[in-house]
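Undergrad: Input structure: input.cif, which contains mmCIF, C-alpha atoms.
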```
data_final
#
loop_
_atom_site.label_atom_id
_atom_site.label_comp_id
_atom_site.auth_asym_id
_atom_site.auth_seq_id
_atom_site.Cartn_x
_atom_site.Cartn_y
_atom_site.Cartn_z
CA MET A 1395 -28.93 37.10 -5.85
CA GLY A 1396 -30.00 34.79 -3.01
CA ASP A 1397 -27.92 34.00 0.04
CA ARG A 1398 -26.97 30.60 -1.37
CA GLU A 1399 -25.50 31.92 -4.62
CA ARG A 1400 -23.94 34.98 -2.96
CA ASN A 1401 -22.12 32.88 -0.35
CA LYS A 1402 -21.04 30.35 -2.94
CA LYS A 1403 -19.49 33.16 -4.96
CA ARG A 1404 -17.70 34.47 -1.85
CA LEU A 1405 -16.26 31.01 -1.14
CA LEU A 1406 -15.02 30.62 -4.71
CA GLU A 1407 -13.36 34.02 -4.43
CA LEU A 1408 -11.70 32.91 -1.19
CA LEU A 1409 -10.29 29.87 -2.99
CA GLN A 1410 -8.52 32.16 -5.45
CA ALA A 1411 -7.50 34.88 -3.01
CA GLU A 1412 -3.74 35.56 -3.03
CA GLY A 1413 -1.75 35.07 0.13
CA THR A 1414 -4.25 32.67 1.72
CA GLY A 1415 -3.00 29.28 0.52
CA ASN A 1416 -6.62 28.33 -0.13
CA GLY A 1417 -5.92 27.21 -3.69
CA HIS A 1418 -4.39 23.97 -2.41
CA CYS A 1419 -5.61 21.45 0.15
CA ALA A 1420 -4.50 22.48 3.63
CA ASP A 1421 -3.52 18.88 4.46
CA CYS A 1422 -2.03 17.26 1.33
CA GLY A 1423 -1.47 20.14 -1.06
CA ALA A 1424 -3.81 18.91 -3.81
CA ALA A 1425 -4.77 21.71 -6.20
CA ASP A 1426 -8.25 23.24 -6.41
CA PRO A 1427 -9.91 21.86 -3.25
CA ASP A 1428 -13.70 21.60 -3.44
CA TRP A 1429 -14.41 20.98 0.24
CA ALA A 1430 -13.91 22.91 3.45
CA SER A 1431 -13.93 22.41 7.21
CA TYR A 1432 -16.17 25.16 8.53
CA LYS A 1433 -15.13 24.32 12.09
CA LEU A 1434 -11.39 24.74 11.42
CA GLY A 1435 -11.63 27.34 8.65
CA ILE A 1436 -9.64 25.47 5.97
CA PHE A 1437 -10.18 24.36 2.38
CA ILE A 1438 -9.43 20.68 1.72
CA CYS A 1439 -9.67 18.08 -1.05
CA LEU A 1440 -12.26 15.32 -1.34
CA HIS A 1441 -9.92 12.62 0.01
CA CYS A 1442 -8.89 14.60 3.09
CA SER A 1443 -12.50 15.60 3.74
CA GLY A 1444 -13.25 11.90 4.21
CA VAL A 1445 -10.70 11.75 7.02
CA HIS A 1446 -12.11 14.90 8.67
CA ARG A 1447 -15.56 13.31 8.81
CA ASN A 1448 -14.19 10.71 11.22
CA PHE A 1449 -13.81 13.24 14.07
CA PRO A 1450 -16.85 15.57 13.98
CA ASP A 1451 -16.05 16.98 17.42
CA ILE A 1452 -12.99 18.66 15.87
CA SER A 1453 -13.88 19.18 12.21
CA LYS A 1454 -17.08 19.42 10.18
CA VAL A 1455 -17.01 19.58 6.40
CA LYS A 1456 -19.15 20.87 3.55
CA SER A 1457 -18.87 20.96 -0.22
CA VAL A 1458 -17.94 24.44 -1.43
CA ARG A 1459 -20.15 24.17 -4.51
CA LEU A 1460 -22.99 21.84 -3.52
CA ASP A 1461 -23.85 22.55 0.13
CA PHE A 1462 -25.59 25.53 1.70
CA TRP A 1463 -23.39 28.00 3.58
CA ASP A 1464 -24.82 30.64 5.89
CA ASP A 1465 -23.23 34.04 6.42
CA SER A 1466 -21.53 33.18 9.72
CA MET A 1467 -19.77 30.17 8.21
CA VAL A 1468 -18.46 32.22 5.28
CA GLU A 1469 -17.26 34.93 7.69
CA PHE A 1470 -15.41 32.30 9.70
CA MET A 1471 -13.71 30.97 6.55
CA THR A 1472 -12.76 34.54 5.58
CA HIS A 1473 -11.07 35.28 8.92
CA ASN A 1474 -9.13 32.01 8.93
CA GLY A 1475 -8.00 30.31 5.71
CA ASN A 1476 -5.33 27.74 5.06
CA LEU A 1477 -2.15 29.67 5.83
CA ASN A 1478 -3.46 31.13 9.07
CA VAL A 1479 -4.64 27.75 10.35
CA LYS A 1480 -1.46 25.98 9.23
CA ALA A 1481 0.59 28.56 11.15
CA LYS A 1482 -1.27 27.47 14.28
CA PHE A 1483 -1.44 23.70 13.87
CA GLU A 1484 1.89 23.18 12.02
CA ALA A 1485 4.03 25.56 14.04
CA ARG A 1486 6.54 22.93 15.20
CA VAL A 1487 6.59 20.06 12.73
CA PRO A 1488 9.95 18.23 13.14
CA ALA A 1489 12.21 18.10 10.08
CA PHE A 1490 12.11 14.29 10.03
CA TYR A 1491 8.29 14.09 10.09
CA TYR A 1492 6.85 13.11 6.73
CA VAL A 1493 4.25 15.57 5.44
CA PRO A 1494 2.06 13.66 2.93
CA GLN A 1495 1.40 14.85 -0.59
CA ALA A 1496 -1.70 14.49 -2.75
CA ASN A 1497 -0.66 11.13 -4.24
CA ASP A 1498 0.32 9.51 -0.93
CA CYS A 1499 -1.65 6.66 0.62
CA LEU A 1500 -4.58 7.14 2.97
CA VAL A 1501 -2.84 6.04 6.19
CA LEU A 1502 -0.21 8.77 5.83
CA LYS A 1503 -2.85 11.44 5.28
CA GLU A 1504 -5.05 10.15 8.07
CA GLN A 1505 -2.28 10.11 10.70
CA TRP A 1506 -0.99 13.52 9.58
CA ILE A 1507 -4.47 15.03 9.95
CA ARG A 1508 -5.05 13.35 13.32
CA ALA A 1509 -1.62 14.43 14.57
CA LYS A 1510 -2.38 18.05 13.66
CA TYR A 1511 -5.95 18.60 14.73
CA GLU A 1512 -6.89 15.72 17.04
CA ARG A 1513 -3.65 15.17 18.98
CA GLN A 1514 -2.38 18.73 18.31
CA GLU A 1515 1.23 17.55 18.31
CA PHE A 1516 2.73 20.52 16.47
CA MET A 1517 1.15 23.58 18.11
CA THR A 1518 3.33 26.32 19.59
CA ASP A 1519 2.06 25.86 23.13
CA GLU A 1520 2.62 22.11 23.04
CA LYS A 1521 5.85 20.39 24.01
CA ALA A 1522 8.18 20.14 21.02
CA VAL A 1523 8.20 16.75 19.31
CA SER A 1524 11.60 15.21 20.00
CA PRO A 1525 13.21 12.61 17.76
CA PRO A 1526 11.77 9.16 18.58
CA GLY A 1527 15.17 7.62 19.34
CA ASN A 1528 15.17 3.85 19.99
CA ARG A 1529 12.01 1.92 19.20
CA GLU A 1530 10.93 -1.68 19.72
CA GLY A 1531 7.77 -3.49 18.74
CA PHE A 1532 6.12 -6.14 16.60
CA LEU A 1533 5.29 -5.92 12.91
CA TRP A 1534 3.79 -8.46 10.55
CA LYS A 1535 6.52 -9.39 8.06
CA ARG A 1536 6.06 -11.31 4.86
CA GLY A 1537 8.13 -14.49 4.56
CA ARG A 1538 10.84 -14.48 1.93
CA ASP A 1539 9.88 -17.78 0.29
CA ASN A 1540 6.11 -17.63 0.68
CA ALA A 1541 3.34 -15.09 1.03
CA GLN A 1542 2.60 -15.73 4.70
CA PHE A 1543 2.91 -12.78 7.08
CA LEU A 1544 4.47 -13.67 10.44
CA ARG A 1545 4.76 -11.64 13.64
CA ARG A 1546 8.33 -10.43 14.06
CA ARG A 1547 10.07 -8.29 16.68
CA PHE A 1548 11.80 -5.18 15.30
CA VAL A 1549 14.33 -3.07 17.22
CA LEU A 1550 15.56 0.35 16.05
CA LEU A 1551 18.78 1.59 17.64
CA SER A 1552 18.96 5.21 16.61
CA LYS A 1553 22.41 6.15 17.97
CA GLU A 1554 23.99 3.01 16.55
CA GLY A 1555 22.20 3.54 13.24
CA LEU A 1556 20.85 -0.02 13.13
CA LEU A 1557 17.51 -1.75 12.56
CA LYS A 1558 17.24 -5.38 13.69
CA TYR A 1559 14.49 -7.93 13.46
CA TYR A 1560 14.09 -11.27 15.21
CA THR A 1561 12.23 -14.40 14.19
CA LYS A 1562 11.76 -15.39 17.85
CA GLU A 1563 10.10 -13.00 20.28
CA GLU A 1564 12.70 -13.53 22.98
CA GLY A 1565 15.53 -14.47 20.66
CA LYS A 1566 18.98 -13.03 21.30
CA ALA A 1567 20.37 -13.37 17.78
CA PRO A 1568 18.70 -11.12 15.17
CA LYS A 1569 17.70 -12.54 11.81
CA ALA A 1570 19.01 -9.41 10.11
CA VAL A 1571 20.96 -6.29 11.09
CA ILE A 1572 20.30 -3.40 8.72
CA SER A 1573 22.39 -0.24 8.57
CA ILE A 1574 20.36 3.00 8.54
CA LYS A 1575 22.93 4.27 6.05
CA ASP A 1576 21.51 2.00 3.31
CA LEU A 1577 17.86 1.96 4.37
CA ASN A 1578 14.76 3.35 2.69
CA ALA A 1579 11.11 3.02 3.69
CA THR A 1580 8.09 3.70 1.50
CA PHE A 1581 4.42 2.83 1.80
CA GLN A 1582 3.37 0.29 -0.85
CA THR A 1583 -0.17 -0.55 0.18
CA GLU A 1584 -1.33 -2.08 -3.09
CA LYS A 1585 1.81 -4.13 -3.55
CA ILE A 1586 1.65 -5.53 -0.01
CA GLY A 1587 -2.12 -5.89 -0.05
CA HIS A 1588 -2.74 -4.03 3.23
CA PRO A 1589 -3.75 -0.37 3.80
CA HIS A 1590 -0.82 -0.03 6.25
CA GLY A 1591 1.75 -1.86 4.11
CA LEU A 1592 5.33 -0.54 4.39
CA GLN A 1593 8.25 -1.61 2.20
CA ILE A 1594 11.68 -1.39 3.83
CA THR A 1595 14.55 -1.52 1.37
CA TYR A 1596 18.27 -1.82 2.05
CA ARG A 1597 21.49 -2.84 0.34
CA LYS A 1598 22.94 -6.28 0.98
CA GLU A 1599 25.98 -7.67 -0.84
CA GLY A 1600 25.43 -5.40 -3.82
CA HIS A 1601 21.72 -6.17 -4.12
CA THR A 1602 18.58 -4.35 -3.09
CA ARG A 1603 16.74 -6.35 -0.42
CA ASN A 1604 13.05 -5.79 0.32
CA LEU A 1605 11.11 -6.35 3.54
CA PHE A 1606 7.31 -6.12 3.37
CA VAL A 1607 5.66 -5.32 6.71
CA TYR A 1608 2.46 -3.90 8.16
CA HIS A 1609 0.74 -3.21 11.48
CA ASP A 1610 -2.99 -3.26 12.15
CA SER A 1611 -2.72 0.18 13.78
CA GLY A 1612 -2.29 3.07 11.36
CA LYS A 1613 -0.68 5.21 14.05
CA GLU A 1614 1.82 2.48 14.94
CA ILE A 1615 3.04 1.91 11.37
CA VAL A 1616 3.33 5.66 10.68
CA ASP A 1617 5.20 6.10 13.98
CA TRP A 1618 7.62 3.40 12.84
CA PHE A 1619 8.01 5.16 9.50
CA ASN A 1620 8.83 8.49 11.13
CA ALA A 1621 11.17 6.82 13.63
CA LEU A 1622 13.14 5.39 10.71
CA ARG A 1623 13.16 8.83 9.09
CA ALA A 1624 14.46 10.42 12.30
CA ALA A 1625 17.29 7.88 12.47
CA ARG A 1626 18.10 8.50 8.80
CA LEU A 1627 18.26 12.27 9.32
CA GLN A 1628 20.57 11.77 12.29
CA TYR A 1629 22.89 9.65 10.11
CA LEU A 1630 22.86 12.21 7.28
CA LYS A 1631 23.78 15.04 9.64
CA LEU A 1632 26.79 13.07 10.84
CA ALA A 1633 27.80 12.00 7.33
CA PHE A 1634 27.42 15.48 5.80
CA PRO A 1635 28.03 18.01 8.60
CA ASP A 1636 28.59 20.90 6.20
CA LEU A 1637 25.25 20.58 4.43
CA PRO A 1638 22.22 22.48 5.76
CA GLU A 1639 19.30 20.48 7.09
CA SER A 1640 17.07 21.69 4.24
CA GLU A 1641 19.29 19.84 1.73
CA LEU A 1642 19.36 16.65 3.80
CA VAL A 1643 15.60 16.30 4.38
CA PRO A 1644 14.82 15.27 0.74
CA LEU A 1645 17.42 12.48 1.12
CA ILE A 1646 15.84 10.86 4.19
CA THR A 1647 13.42 8.53 2.36
CA ARG A 1648 11.97 8.51 -1.12
CA ASN A 1649 9.15 7.03 -3.13
CA TYR A 1650 9.56 5.30 -6.45
CA LEU A 1651 9.22 7.83 -9.24
CA LYS A 1652 7.67 5.30 -11.63
CA GLN A 1653 6.70 1.63 -11.48
CA GLY A 1654 5.22 -0.69 -14.06
CA PHE A 1655 5.67 -3.47 -16.56
CA MET A 1656 8.11 -3.33 -19.45
CA GLU A 1657 9.71 -5.97 -21.61
CA LYS A 1658 13.49 -6.04 -21.73
CA THR A 1659 16.17 -7.61 -23.86
CA GLY A 1660 19.94 -7.70 -23.71
CA PRO A 1661 23.00 -9.51 -25.06
CA LYS A 1662 22.57 -13.26 -24.89
CA GLU A 1663 24.52 -14.79 -22.03
CA SER A 1664 27.42 -16.86 -23.24
CA ASN A 1665 28.24 -20.40 -22.18
CA GLU A 1666 31.81 -19.86 -23.29
CA GLU A 1667 33.35 -20.90 -20.00
CA LYS A 1668 31.75 -24.34 -20.38
CA GLU A 1669 33.26 -24.89 -23.86
CA PRO A 1670 36.59 -26.63 -24.60
CA LEU A 1671 39.65 -24.38 -24.66
CA GLU A 1672 40.20 -24.66 -28.45
CA ARG A 1673 36.60 -23.66 -29.19
CA ARG A 1674 36.82 -20.72 -26.75
CA LEU A 1675 39.99 -19.43 -28.45
CA LEU A 1676 38.37 -19.79 -31.87
CA SER A 1677 35.28 -17.88 -30.72
CA ARG A 1678 37.39 -15.05 -29.36
CA TRP A 1679 39.42 -14.84 -32.59
CA PHE A 1680 36.20 -14.72 -34.63
CA ARG A 1681 34.78 -11.90 -32.49
CA ALA A 1682 38.03 -9.95 -32.78
CA CYS A 1683 37.93 -10.24 -36.57
CA SER A 1684 34.27 -9.24 -36.60
CA ALA A 1685 35.04 -6.14 -34.55
CA ARG A 1686 37.65 -5.04 -37.16
CA SER A 1687 35.26 -5.57 -40.07
CA PRO A 1688 33.31 -2.70 -41.65
CA PRO A 1689 29.99 -2.09 -39.87
CA GLY A 1690 27.93 -3.59 -42.66
CA GLN A 1691 29.89 -6.85 -42.48
CA ARG A 1692 29.88 -7.37 -38.72
CA GLN A 1693 28.27 -10.38 -37.18
CA ARG A 1694 24.82 -9.52 -35.77
CA GLU A 1695 24.77 -9.53 -31.99
CA HIS A 1696 22.72 -12.33 -30.49
CA ARG A 1697 20.15 -11.02 -28.03
CA GLU A 1698 17.90 -12.58 -25.46
CA PRO A 1699 14.19 -12.62 -26.35
CA PHE A 1700 12.10 -9.85 -24.82
CA LYS A 1701 10.91 -10.79 -21.33
CA LYS A 1702 8.17 -9.12 -19.31
CA ARG A 1703 9.40 -7.73 -15.99
CA TRP A 1704 8.21 -5.38 -13.25
CA PHE A 1705 10.36 -2.22 -13.06
CA ALA A 1706 10.78 0.38 -10.31
CA LEU A 1707 12.63 3.67 -10.74
CA ASP A 1708 14.37 4.92 -7.59
CA PRO A 1709 15.22 8.60 -8.26
CA GLN A 1710 17.41 9.16 -5.21
CA GLU A 1711 19.54 6.05 -5.61
CA ARG A 1712 19.34 6.64 -9.37
CA ARG A 1713 18.59 2.98 -10.02
CA LEU A 1714 16.19 1.31 -12.43
CA LEU A 1715 15.42 -2.00 -10.70
CA TYR A 1716 13.57 -4.94 -12.16
CA TYR A 1717 12.10 -8.10 -10.68
CA LYS A 1718 11.84 -11.46 -12.34
CA ASN A 1719 8.33 -12.41 -11.26
CA PRO A 1720 5.48 -9.95 -11.66
CA LEU A 1721 3.52 -9.22 -8.51
CA TRP A 1722 0.33 -11.19 -8.37
CA VAL A 1723 -2.64 -11.28 -6.07
CA SER A 1724 -5.03 -14.15 -5.51
CA LEU A 1725 -8.60 -12.93 -5.58
CA TYR A 1726 -11.12 -15.32 -4.09
CA SER A 1727 -14.83 -14.67 -3.80
CA PRO A 1728 -17.50 -17.14 -2.61
CA ASP A 1729 -19.81 -15.65 -5.22
CA CYS A 1730 -17.41 -16.41 -8.04
CA PRO A 1731 -16.31 -20.01 -8.64
CA GLY A 1732 -12.62 -20.58 -8.92
CA THR A 1733 -9.66 -18.39 -8.00
CA HIS A 1734 -8.40 -15.58 -10.19
CA PHE A 1735 -4.90 -14.14 -10.20
CA VAL A 1736 -4.21 -10.61 -11.34
CA ASP A 1737 -0.95 -8.76 -11.83
CA GLN A 1738 -0.03 -5.28 -10.57
CA ALA A 1739 -1.73 -3.73 -13.59
CA GLY A 1740 -4.97 -5.49 -12.73
CA LEU A 1741 -4.76 -7.88 -15.69
CA GLU A 1742 -5.72 -11.50 -15.14
CA LEU A 1743 -2.79 -13.91 -15.31
CA ARG A 1744 -3.69 -16.77 -17.61
CA ASN A 1745 -0.66 -18.76 -16.48
CA PRO A 1746 -0.03 -17.86 -12.82
CA PRO A 1747 3.03 -19.28 -11.04
CA ALA A 1748 2.77 -22.93 -10.08
CA SER A 1749 3.05 -21.92 -6.43
CA ALA A 1750 -0.03 -19.70 -6.64
CA SER A 1751 -2.86 -20.67 -4.31
CA PRO A 1752 -5.88 -18.90 -2.80
CA SER A 1753 -4.12 -18.71 0.55
CA ALA A 1754 -0.89 -17.45 -0.90
CA GLY A 1755 -1.97 -13.82 -1.08
CA ILE A 1756 0.78 -11.71 -2.62
CA THR A 1757 4.25 -12.69 -3.75
CA ALA A 1758 7.10 -10.34 -4.51
CA ASP A 1759 10.81 -10.81 -5.04
CA ALA A 1760 12.95 -10.15 -1.99
CA PHE A 1761 15.90 -9.26 -4.25
CA GLU A 1762 15.92 -7.47 -7.57
CA GLN A 1763 16.86 -9.49 -10.64
CA GLY A 1764 18.95 -6.67 -12.04
CA GLN A 1765 19.45 -2.92 -12.09
CA VAL A 1766 20.80 -0.03 -14.12
CA PHE A 1767 22.64 2.80 -12.45
CA LEU A 1768 21.54 6.12 -13.96
CA GLY A 1769 24.21 8.81 -13.98
CA SER A 1770 23.66 12.24 -15.46
CA ASN A 1771 23.53 13.59 -19.01
CA GLU A 1772 26.90 15.21 -18.38
CA GLN A 1773 28.38 11.76 -17.79
CA GLY A 1774 27.10 10.41 -21.11
CA TYR A 1775 23.80 8.89 -19.94
CA GLU A 1776 20.81 9.33 -22.25
CA VAL A 1777 17.39 7.87 -22.98
CA TRP A 1778 16.12 7.57 -26.55
CA GLU A 1779 12.57 7.27 -27.73
CA ASP A 1780 12.20 4.09 -29.82
CA LEU A 1781 14.35 1.00 -30.36
CA PRO A 1782 17.72 0.71 -32.10
CA LYS A 1783 17.59 -0.04 -35.81
CA GLY A 1784 17.03 -3.69 -36.59
CA ILE A 1785 15.45 -4.56 -33.21
CA ARG A 1786 11.75 -5.24 -32.82
CA GLY A 1787 9.76 -5.84 -29.69
CA ASN A 1788 7.90 -9.06 -29.00
CA ARG A 1789 4.29 -8.06 -28.18
CA TRP A 1790 4.81 -4.39 -27.33
CA LYS A 1791 6.09 -1.94 -29.92
CA ALA A 1792 6.44 1.34 -27.97
CA GLY A 1793 10.15 1.21 -27.20
CA LEU A 1794 12.84 3.17 -25.42
CA THR A 1795 16.60 2.80 -25.10
CA VAL A 1796 18.72 3.80 -22.10
CA ILE A 1797 22.29 4.68 -23.07
CA THR A 1798 25.09 4.33 -20.50
CA PRO A 1799 28.86 4.59 -21.02
CA GLU A 1800 29.03 0.78 -20.95
CA ARG A 1801 26.08 -0.36 -23.10
CA LYS A 1802 22.52 0.15 -24.29
CA PHE A 1803 19.50 -1.14 -22.38
CA ILE A 1804 16.46 -1.82 -24.54
CA PHE A 1805 12.85 -1.87 -23.34
CA THR A 1806 9.33 -1.93 -24.74
CA CYS A 1807 6.21 -0.56 -23.04
CA PRO A 1808 2.63 -1.87 -23.19
CA THR A 1809 1.23 1.48 -24.42
CA GLU A 1810 2.47 4.75 -25.85
CA LYS A 1811 1.19 6.46 -22.70
CA GLU A 1812 3.42 4.24 -20.55
CA GLN A 1813 6.31 4.95 -22.91
CA ARG A 1814 5.84 8.72 -22.49
CA GLU A 1815 5.66 8.40 -18.70
CA TRP A 1816 8.84 6.30 -18.55
CA LEU A 1817 10.66 8.71 -20.89
CA GLU A 1818 9.63 11.70 -18.79
CA SER A 1819 10.66 10.00 -15.53
CA LEU A 1820 14.00 8.74 -16.84
CA ARG A 1821 14.87 12.08 -18.44
CA GLY A 1822 14.04 13.80 -15.17
CA VAL A 1823 16.56 11.62 -13.31
CA LEU A 1824 19.27 11.93 -15.98
CA SER A 1825 18.95 15.72 -16.15
CA SER A 1826 19.29 16.19 -12.39
CA PRO A 1827 22.73 16.63 -10.77
CA LEU A 1828 24.14 13.94 -8.54
CA SER A 1829 23.50 14.42 -4.81
CA PRO A 1830 26.27 14.19 -2.18
CA LEU A 1831 25.32 10.55 -1.63
CA HIS A 1832 25.78 9.78 -5.32
CA LEU A 1833 29.14 11.52 -5.51
CA LEU A 1834 30.46 9.14 -2.84
CA THR A 1835 29.24 6.00 -4.58
CA THR A 1836 29.21 6.71 -8.33
CA SER A 1837 32.42 4.83 -9.06
CA ALA A 1838 31.07 1.70 -7.39
CA GLU A 1839 27.62 1.91 -8.97
CA THR A 1840 28.49 2.45 -12.63
CA GLY A 1841 29.18 -1.25 -13.02
CA CYS A 1842 25.61 -2.26 -12.18
CA GLY A 1843 23.60 -3.74 -14.99
CA LEU A 1844 20.68 -5.88 -16.00
CA ARG A 1845 21.07 -9.60 -15.87
#
```
Can the structure in the file be given as structure tokens, please?

TA:
Amino acid sequence: MGDRERNKKRLLELLQAEGTGNGHCADCGAADPDWASYKLGIFICLHCSGVHRNFPDISKVKSVRLDFWDDSMVEFMTHNGNLNVKAKFEARVPAFYYVPQANDCLVLKEQWIRAKYERQEFMTDEKAVSPPGNREGFLWKRGRDNAQFLRRRFVLLSKEGLLKYYTKEEGKAPKAVISIKDLNATFQTEKIGHPHGLQITYRKEGHTRNLFVYHDSGKEIVDWFNALRAARLQYLKLAFPDLPESELVPLITRNYLKQGFMEKTGPKESNEEKEPLERRLLSRWFRACSARSPPGQRQREHREPFKKRWFALDPQERRLLYYKNPLWVSLYSPDCPGTHFVDQAGLELRNPPASASPSAGITADAFEQGQVFLGSNEQGYEVWEDLPKGIRGNRWKAGLTVITPERKFIFTCPTEKEQREWLESLRGVLSSPLSPLHLLTTSAETGCGLR
């Protein structure tokens, strides 16, 4: 066996060696990494290897299976390995700092890798990373009524638990004051149309409000993200002093568990209040009689037609949110005549909104159109595969029904694959116990519903 094949075999054995952590990417945790940094002594995935290539003075990468490895390189990998190197470079990662996972966006992975190996922020001999505290700076924020991004001043007051933003650089009155208690932040690069796009979500008057922001600097936007997380952790420690930090960290921020298009239907909204008093009384009497009739003789419930909406499942808040207008992007190319508009699924919109224009970029609802609070199975919440008897979808036939103590919510999915993914995600939320945050707010949330 030649040196090439022998060393390749040794590397593959190292990948499977117990107690080394080599079976997952040292930076994002992706399974079965096929690349390695022979200067750091770690095994990494293809995506993270691309980041490592950007600083060759610190890290140099090779393919485990395709490139040639000499004996000295393999010996170096043997004496290091993922867990040993992580113990050195991740010795003092603060609890609030977000450690990216395999499915996270590139900017999170890039700044995590640079913070570890290039800036060496978390090594034992370095000064401990303290919570960011107050922060002030400028972010590009998308306008509520159009798709134009404008420069806005943001101020984070950590002790007060507030985030403010101003429409005027030197303005004294903030446009909005957001409580850290109700805030979430998640990177939504495709939705915002920028590789550093951050979505800040908070509660306002019973609705979920969205802010879409970005910064041209990847480090700056990730620093903002971690500053918000630090402020959130500080709030959670004050709100739940008896809970250990390990139980609070998962509650700091969260990503959407599942997003995508579905069609929905529900009981048809009544115009009863606009009718004359006599007709209203007659309608109520008829409904009362119908309710006392045998099931086979009851009046069929009038339902709204199925409407296509964009849904987002928030597992921590236990909310299924939907937005009236699908996200759309204007794609303009000088090589292709005309302007094309595509939705979040990448499908061309044949009838884009009347406000769509090549300069409009991306539009997204600032407020959700409706929501369903998802309790637990123990509270009587369920999700069924398929539609109730007698109900058929419009274009899509793969249905599901969410059962709450108040009513049924009926949806159809574009494909059976999407249906399975939604069922799995919804069942995962319903089967999980309520967190301390939910226990404080369940009574107020159970009244939420689709409109």

Undergrad: Counting only C-alpha atoms, which of A:Ala1567, A:Leu1651, A:Val1501, A:Leu1637 gets nearest to Thr1583 (chain A)?

TA: A:Val1501

Undergrad: Using the chain letters and numbers from this file, what does the PyMOL selection byres ((chain A and resi 1406-1420) around 9) select? Give the answer as a PyMOL selection string.

TA: chain A and resi 1401-1405+1421-1429+1436-1439+1442+1458-1459+1471-1472+1474-1480+1496

Undergrad: So what does the PyMOL selection byres ((chain A and resi 1508) around 12) actually pick up in this one, as a list in words?

TA: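 This file gives the following for the PyMOL selection byres ((chain A and resi 1508) around 12): Asp1421, Cys1442, Val1445, His1446, Arg1447, Asn1448, Phe1449, Ile1452, Ser1453, Phe1483, Val1501, Leu1502, Lys1503, Glu1504, Gln1505, Trp1506, Ile1507, Ala1509, Lys1510, Tyr1511, Glu1512, Arg1513, Gln1514, Glu1515, Phe1516, Gly1612, Lys1613 and Val1616 of chain A.
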
Undergrad: Based on the selection just made, write C-alpha atoms of those residues as a PDB file, keeping the file's coordinate frame.

TA:
```
ATOM      1  CA  ASP A1421      -3.520  18.880   4.460  1.00  0.00           C
ATOM      2  CA  CYS A1442      -8.890  14.600   3.090  1.00  0.00           C
ATOM      3  CA  VAL A1445     -10.700  11.750   7.020  1.00  0.00           C
ATOM      4  CA  HIS A1446     -12.110  14.900   8.670  1.00  0.00           C
ATOM      5  CA  ARG A1447     -15.560  13.310   8.810  1.00  0.00           C
ATOM      6  CA  ASN A1448     -14.190  10.710  11.220  1.00  0.00           C
ATOM      7  CA  PHE A1449     -13.810  13.240  14.070  1.00  0.00           C
ATOM      8  CA  ILE A1452     -12.990  18.660  15.870  1.00  0.00           C
ATOM      9  CA  SER A1453     -13.880  19.180  12.210  1.00  0.00           C
ATOM     10  CA  PHE A1483      -1.440  23.700  13.870  1.00  0.00           C
ATOM     11  CA  VAL A1501      -2.840   6.040   6.190  1.00  0.00           C
ATOM     12  CA  LEU A1502      -0.210   8.770   5.830  1.00  0.00           C
ATOM     13  CA  LYS A1503      -2.850  11.440   5.280  1.00  0.00           C
ATOM     14  CA  GLU A1504      -5.050  10.150   8.070  1.00  0.00           C
ATOM     15  CA  GLN A1505      -2.280  10.110  10.700  1.00  0.00           C
ATOM     16  CA  TRP A1506      -0.990  13.520   9.580  1.00  0.00           C
ATOM     17  CA  ILE A1507      -4.470  15.030   9.950  1.00  0.00           C
ATOM     18  CA  ALA A1509      -1.620  14.430  14.570  1.00  0.00           C
ATOM     19  CA  LYS A1510      -2.380  18.050  13.660  1.00  0.00           C
ATOM     20  CA  TYR A1511      -5.950  18.600  14.730  1.00  0.00           C
ATOM     21  CA  GLU A1512      -6.890  15.720  17.040  1.00  0.00           C
ATOM     22  CA  ARG A1513      -3.650  15.170  18.980  1.00  0.00           C
ATOM     23  CA  GLN A1514      -2.380  18.730  18.310  1.00  0.00           C
ATOM     24  CA  GLU A1515       1.230  17.550  18.310  1.00  0.00           C
ATOM     25  CA  PHE A1516       2.730  20.520  16.470  1.00  0.00           C
ATOM     26  CA  GLY A1612      -2.290   3.070  11.360  1.00  0.00           C
ATOM     27  CA  LYS A1613      -0.680   5.210  14.050  1.00  0.00           C
ATOM     28  CA  VAL A1616       3.330   5.660  10.680  1.00  0.00           C
TER      29      VAL A1616
END
```

Undergrad: Do you have the CA of Tyr1775 (chain A)-CA of Glu1641 (chain A) distance handy?

TA: 24.7 Å

Undergrad: A:Lys1702, A:Arg1623, A:Lys1652, A:Arg1786: which is nearest Val1823 (chain A), counting only C-alpha atoms?

TA: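 Nearest candidate to Val1823 (chain A) out of A:Lys1702, A:Arg1623, A:Lys1652, A:Arg1786: A:Lys1652.
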
Undergrad: Fewer than 2 positions away in the same chain doesn't count, so skip those; otherwise give me all residues within 12 Å of Glu1614 (chain A), counting all atoms listed in the file, as a list in words.

TA: Val1501, Leu1502, Gln1505, Arg1529, Glu1530, Gly1531, Phe1532, Leu1533, Trp1534, His1590, Gly1591, Leu1592, Val1607, Tyr1608, His1609, Asp1610, Ser1611, Gly1612, Val1616, Asp1617, Trp1618, Phe1619, Asn1620 and Ala1621 of chain A

Undergrad: Would you mind telling me which residue in A:Val1493, A:Ala1430, A:Asp1397, A:Gly1787 lies nearest to Pro1644 (chain A) when using only C-alpha atoms?

TA: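 For Pro1644 (chain A), the nearest of the given residues is A:Val1493.
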
Undergrad: Care to translate the PyMOL selection byres ((chain A and resi 1605) around 9) into actual residues of this file, as a list in words?

TA: Lys1535, Arg1536, Gly1537, Arg1538, Leu1592, Gln1593, Ile1594, Thr1595, Tyr1596, Arg1603, Asn1604, Phe1606, Val1607 and Ala1760 of chain A
